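Read the structure below first, then the notes.
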Amino acid sequence: AQRVTQPEKLLSVFKGAPVELKCNYSYSGSPELFWYVQYSRQRLQLLLRHISRESIKGFTADLNKGETSFHLKKPFAQEEDSAMYYCALLEKYNNDMRFGAGTRLTVKP
Amino acid sequence: DGGITQSPKYLFRKEGQNVTLSCEQNLNHDAMYWYRQDPGQGLRLIYYSQIVNDFQKGDIAEGYSVSREKKESFPLTVTSAQKNPTAFYLCASSLAGSTGELFFGEGSRLTVL
């Protein structure tokens, strides 16, 4: 079965500083990875997916198969980025989606 | 108004009682999921279903049961066998074979007294 590890439960940075939220996975097949975000008093929602190779709200994430990582990065953090971030891995053949424990990001003014 | 709806938002139950949480979606999604969200443990998969009349256990299925009699509905029963049922429960749905975007409900908070 697939596993997702987010080693940091809490991460705090100052506004304008770079931020990196770590995600490592274990999976024998070809992974599909995602980052989900939950802002205060909002529903959990998709932020970005590796297959799209997109940048959303200034965030990017690169899949590194050699290091089995999918870290989320943003060069200049904003206060509105403060939220709970979850890394997730999808097993495509059966739609089994597993999440990491989450990292709470706080961006201080 | 399309989306995924969970009810009730808050639920209290006495020990030894079963309780059923409702999850309904009108997005015509094939797959539906139940997760349990606990502080420091993230989202843990309880059950998921790819199609009607079929479902699979996740990591923490013990003490829970589900049914999928209709495409739009995926109720979760928390049975008295669940040793630590007080938690926040999230339901989600997605198009099977899609790019993997899950749409989440607002959640149901169950407290066992």
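Here, A, B, ... name the chains of the structure tokens in the order displayed, residue numbers run from 1 inside each chain, and ligands are numbered from 1 in the same displayed order.
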Exercise: Lys73 of chain A partners within 8 Å, only C-alpha atoms, chain neighbours under 6 positions left out, as a VMD selection string: chain A and resid 18 to 21 59 to 61
Can you work out which residues from chain B touch chain A at a cut-off of 8 Å (counting only C-alpha atoms) and hand them back as a list in words? Ala31, Gly40, Gln41, Gly42, Leu43, Arg44, Leu45, Tyr48, Gln50, Ala96, Gly97, Gly100, Glu101, Leu102, Phe103, Phe104, Gly105 and Glu106 of chain B
Mind checking DSSP for segment 30-72 of chain A and telling me the strand (DSSP E or B) residues as a PyMOL selection string? chain A and resi 32-38+45-49+56+59-61+64+69+72
Atoms kept (N, CA and C atoms) for selection, written as a PDB file, in the first residue's frame:
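The file below, part22.pdb, is the result:
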ATOM      1  N   GLU A  32       0.868   9.194  -8.500  1.00  0.00           N
ATOM      2  CA  GLU A  32       0.239  10.476  -8.826  1.00  0.00           C
ATOM      3  C   GLU A  32       0.090  11.221  -7.516  1.00  0.00           C
ATOM      4  N   LEU A  33       0.703  12.374  -7.448  1.00  0.00           N
ATOM      5  CA  LEU A  33       0.783  13.108  -6.190  1.00  0.00           C
ATOM      6  C   LEU A  33       0.091  14.447  -6.275  1.00  0.00           C
ATOM      7  N   PHE A  34      -0.404  14.878  -5.111  1.00  0.00           N
ATOM      8  CA  PHE A  34      -1.203  16.085  -5.019  1.00  0.00           C
ATOM      9  C   PHE A  34      -0.854  16.836  -3.738  1.00  0.00           C
ATOM     10  N   TRP A  35      -1.123  18.131  -3.760  1.00  0.00           N
ATOM     11  CA  TRP A  35      -1.133  18.927  -2.548  1.00  0.00           C
ATOM     12  C   TRP A  35      -2.546  19.497  -2.386  1.00  0.00           C
ATOM     13  N   TYR A  36      -3.091  19.286  -1.167  1.00  0.00           N
ATOM     14  CA  TYR A  36      -4.384  19.848  -0.803  1.00  0.00           C
ATOM     15  C   TYR A  36      -4.155  20.882   0.296  1.00  0.00           C
ATOM     16  N   VAL A  37      -5.066  21.850   0.370  1.00  0.00           N
ATOM     17  CA  VAL A  37      -4.936  22.915   1.363  1.00  0.00           C
ATOM     18  C   VAL A  37      -6.277  23.146   2.047  1.00  0.00           C
ATOM     19  N   GLN A  38      -6.192  23.456   3.324  1.00  0.00           N
ATOM     20  CA  GLN A  38      -7.409  23.793   4.079  1.00  0.00           C
ATOM     21  C   GLN A  38      -7.171  25.111   4.789  1.00  0.00           C
ATOM     22  N   GLN A  45      -9.334  21.536  -0.069  1.00  0.00           N
ATOM     23  CA  GLN A  45      -9.439  21.672  -1.528  1.00  0.00           C
ATOM     24  C   GLN A  45      -8.102  21.394  -2.191  1.00  0.00           C
ATOM     25  N   LEU A  46      -8.176  21.036  -3.448  1.00  0.00           N
ATOM     26  CA  LEU A  46      -6.966  20.745  -4.203  1.00  0.00           C
ATOM     27  C   LEU A  46      -6.174  22.026  -4.443  1.00  0.00           C
ATOM     28  N   LEU A  47      -4.872  21.966  -4.207  1.00  0.00           N
ATOM     29  CA  LEU A  47      -3.998  23.092  -4.525  1.00  0.00           C
ATOM     30  C   LEU A  47      -3.320  22.842  -5.871  1.00  0.00           C
ATOM     31  N   LEU A  48      -2.602  21.731  -5.954  1.00  0.00           N
ATOM     32  CA  LEU A  48      -2.003  21.416  -7.242  1.00  0.00           C
ATOM     33  C   LEU A  48      -1.698  19.925  -7.330  1.00  0.00           C
ATOM     34  N   ARG A  49      -1.469  19.480  -8.567  1.00  0.00           N
ATOM     35  CA  ARG A  49      -1.180  18.072  -8.839  1.00  0.00           C
ATOM     36  C   ARG A  49       0.088  17.988  -9.675  1.00  0.00           C
ATOM     37  N   ILE A  56       0.313  27.275  -8.711  1.00  0.00           N
ATOM     38  CA  ILE A  56      -0.949  27.798  -8.205  1.00  0.00           C
ATOM     39  C   ILE A  56      -0.655  28.691  -7.010  1.00  0.00           C
ATOM     40  N   PHE A  59       2.758  28.664  -5.677  1.00  0.00           N
ATOM     41  CA  PHE A  59       3.320  27.408  -5.209  1.00  0.00           C
ATOM     42  C   PHE A  59       3.655  26.494  -6.383  1.00  0.00           C
ATOM     43  N   THR A  60       4.755  25.764  -6.233  1.00  0.00           N
ATOM     44  CA  THR A  60       5.115  24.720  -7.180  1.00  0.00           C
ATOM     45  C   THR A  60       5.539  23.475  -6.398  1.00  0.00           C
ATOM     46  N   ALA A  61       5.485  22.349  -7.076  1.00  0.00           N
ATOM     47  CA  ALA A  61       5.945  21.106  -6.457  1.00  0.00           C
ATOM     48  C   ALA A  61       6.492  20.219  -7.559  1.00  0.00           C
ATOM     49  N   ASN A  64      10.200  14.135  -7.419  1.00  0.00           N
ATOM     50  CA  ASN A  64      11.551  13.604  -7.512  1.00  0.00           C
ATOM     51  C   ASN A  64      11.489  12.115  -7.214  1.00  0.00           C
ATOM     52  N   SER A  69      10.153  12.126  -3.349  1.00  0.00           N
ATOM     53  CA  SER A  69       9.676  13.333  -2.664  1.00  0.00           C
ATOM     54  C   SER A  69       8.806  14.175  -3.588  1.00  0.00           C
ATOM     55  N   LEU A  72       6.561  20.957  -1.552  1.00  0.00           N
ATOM     56  CA  LEU A  72       5.822  22.145  -2.001  1.00  0.00           C
ATOM     57  C   LEU A  72       6.646  23.391  -1.678  1.00  0.00           C
TER      58      LEU A  72
END
For Tyr64 of chain B, which residue out of B:His29, B:Arg13, B:Lys83, B:Arg109 is the nearest one, using only C-alpha atoms?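 Residue with the minimum atom-to-atom distance to Tyr64 of chain B: B:Lys83.
Computed from the coordinates, the atom CA of Lys22 of chain A to atom CA of Asp62 of chain A distance equals 11.1 Å.
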Excluding Tyr33 of chain B and residues on its chain fewer than 6 positions from it, collect all residues at most 8 Å away from it, counting only C-alpha atoms, and give them as a VMD selection string. chain B and resid 45 to 49 74 91 to 93
